[in-house]
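Colleague: If you scroll down you'll find the structure; I have some questions about it.
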Amino acid sequence: WERNSTSCLTIQGGQVLGGVAQLTEVSAFVRPGTVVTLAEGRVASSRDTPYSPLEVQVYAGADGAFTLYEDGGASADEKRPVRSTVFRWYEQDHYFAWEVYPMPSLGVSWGFYEQMQITIFDGASGNIIRSGMVSVGKGGGMGIGMFNRLTFYE
């Protein structure tokens, strides 16, 4: 399990842990291979965060995937997905990829998240690696060596 914070810490299961956290801090214990998407503020639908970047967190250590469904959110019809994006982490290659699937049957081929920042939490090395802003576009991929403005936190 890994603790999501400014340092990457790998902890074996079956332990009882204690500690102190700020009221603004939330500890998340995740399995290796977990992919998490985050957006600023309170989000009930994709429309709540127009043009804000998406943060994608990847917890290395195993292959993983997550599908993000975006909707309009203003009416019952708009709560149906207008776009889905599949995020995948390939552990052996240390490669992150995403595929975008518009839902043209709804007459909409766009989504609200146009940019994202990718953060890789590598429990094996203890590093946190962040990309620069990346266009979601129609999909793409990048290996750790391809990340813009590499930043390592210890």
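Residue numbering restarts at 1 in every chain; chains get A, B, ... in the order shown in the structure tokens, and ligands count up from 1 in that same order.
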Quick one: everything within 12 Å of Gln117 in chain A, counting only C-alpha atoms, minus sequence neighbours fewer than 5 positions away in the same chain. Send it as a PyMOL selection string.
Modeller: chain A and resi 36-39+52-58+96+129-136+147-150
Colleague: To one decimal place, how far is CA of Asp63 in chain A from CA of Ile128 in chain A in Å?
Modeller: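 Atom-to-atom, CA of Asp63 in chain A to CA of Ile128 in chain A, that is 17.3 Å.
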Colleague: Just the residues within 12 Å of Thr67 in chain A, please, counting only C-alpha atoms, with nothing from its chain fewer than 3 positions along; format it as a compact mmCIF listing (two decimals) with N, CA, C and O atoms, in the first residue's frame.
Modeller:
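Result file out.txt:
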```txt
# COMPACT_ATOMS: atom_id res chain seq x y z
N THR A 34 -3.00 1.42 -9.13
CA THR A 34 -4.18 2.27 -9.07
C THR A 34 -3.98 3.53 -9.91
O THR A 34 -2.92 4.14 -9.89
N VAL A 35 -5.02 3.92 -10.64
CA VAL A 35 -5.04 5.17 -11.41
C VAL A 35 -6.20 6.00 -10.86
O VAL A 35 -7.33 5.53 -10.82
N VAL A 36 -5.91 7.23 -10.42
CA VAL A 36 -6.91 8.11 -9.81
C VAL A 36 -6.97 9.41 -10.60
O VAL A 36 -5.93 9.96 -10.95
N THR A 37 -8.18 9.89 -10.88
CA THR A 37 -8.34 11.20 -11.53
C THR A 37 -8.90 12.19 -10.51
O THR A 37 -9.80 11.85 -9.74
N VAL A 56 -4.08 13.37 -13.04
CA VAL A 56 -4.13 11.91 -13.08
C VAL A 56 -2.98 11.38 -12.24
O VAL A 56 -1.82 11.70 -12.51
N GLY A 64 -2.28 -1.09 -14.36
CA GLY A 64 -3.56 -0.59 -13.87
C GLY A 64 -4.28 0.21 -14.93
O GLY A 64 -3.69 0.63 -15.93
N GLU A 70 -17.23 11.48 -18.86
CA GLU A 70 -17.61 12.88 -18.73
C GLU A 70 -19.06 13.05 -19.19
O GLU A 70 -19.48 12.42 -20.15
N PRO A 81 -22.94 9.81 -20.49
CA PRO A 81 -21.58 10.19 -20.89
C PRO A 81 -21.52 10.78 -22.29
O PRO A 81 -22.20 10.32 -23.19
N ARG A 83 -18.25 11.57 -23.33
CA ARG A 83 -16.91 11.14 -23.71
C ARG A 83 -16.37 10.25 -22.60
O ARG A 83 -16.62 10.49 -21.43
N SER A 84 -15.65 9.22 -22.98
CA SER A 84 -14.94 8.41 -21.98
C SER A 84 -13.46 8.41 -22.34
O SER A 84 -13.10 8.46 -23.51
N THR A 85 -12.65 8.40 -21.32
CA THR A 85 -11.20 8.35 -21.50
C THR A 85 -10.66 7.20 -20.66
O THR A 85 -10.93 7.14 -19.45
N VAL A 86 -9.95 6.30 -21.30
CA VAL A 86 -9.35 5.16 -20.60
C VAL A 86 -7.88 5.48 -20.35
O VAL A 86 -7.14 5.76 -21.29
N PHE A 87 -7.49 5.47 -19.08
CA PHE A 87 -6.10 5.70 -18.68
C PHE A 87 -5.50 4.35 -18.32
O PHE A 87 -6.11 3.58 -17.58
N ARG A 88 -4.28 4.08 -18.83
CA ARG A 88 -3.62 2.79 -18.56
C ARG A 88 -2.17 3.01 -18.14
O ARG A 88 -1.46 3.82 -18.74
N ALA A 97 -0.57 5.58 -20.87
CA ALA A 97 -1.28 5.87 -22.12
C ALA A 97 -2.73 6.20 -21.82
O ALA A 97 -3.27 5.82 -20.77
N TRP A 98 -3.35 6.95 -22.73
CA TRP A 98 -4.77 7.24 -22.60
C TRP A 98 -5.42 7.22 -23.98
O TRP A 98 -4.82 7.56 -24.97
N GLU A 99 -6.66 6.75 -24.00
CA GLU A 99 -7.44 6.65 -25.23
C GLU A 99 -8.77 7.37 -24.98
O GLU A 99 -9.41 7.14 -23.97
N VAL A 100 -9.17 8.24 -25.92
CA VAL A 100 -10.38 9.03 -25.78
C VAL A 100 -11.44 8.49 -26.73
O VAL A 100 -11.16 8.29 -27.91
N TYR A 101 -12.63 8.27 -26.20
CA TYR A 101 -13.73 7.74 -26.99
C TYR A 101 -14.92 8.69 -26.92
O TYR A 101 -15.67 8.68 -25.94
```
Colleague: Interatomic distance between CA of Gly145 in chain A and CA of Phe66 in chain A?
Modeller: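 Here the two named atoms are 22.3 Å from each other.
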Colleague: Using only C-alpha atoms, which residue out of A:Gly123, A:Gly61, A:Pro32, A:Gly19 lies closest to Gln92 in chain A?
Modeller: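 The closest residue to Gln92 in chain A is A:Gly61.
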Colleague: Which neighbours of Ala62 in chain A fall inside 6 Å, counting only C-alpha atoms, when residues of the same chain fewer than 2 positions from it are skipped, and could you give them as a ChimeraX atom specification?
Modeller: /A:32-33,60,91
Colleague: Using the selection just defined, write its residues with C-alpha atoms as an mmCIF file, in the first residue's frame.
Modeller:
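This went into selection-v1.cif:
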```cif
data_model
loop_
_atom_site.group_PDB
_atom_site.id
_atom_site.type_symbol
_atom_site.label_atom_id
_atom_site.label_comp_id
_atom_site.auth_asym_id
_atom_site.auth_seq_id
_atom_site.Cartn_x
_atom_site.Cartn_y
_atom_site.Cartn_z
ATOM 1 C CA PRO A 32 -0.032 -0.691 -6.757
ATOM 2 C CA GLY A 33 -1.440 -0.096 -10.240
ATOM 3 C CA ALA A 60 3.297 2.303 -9.928
ATOM 4 C CA GLU A 91 4.341 -1.346 -15.202
#
```
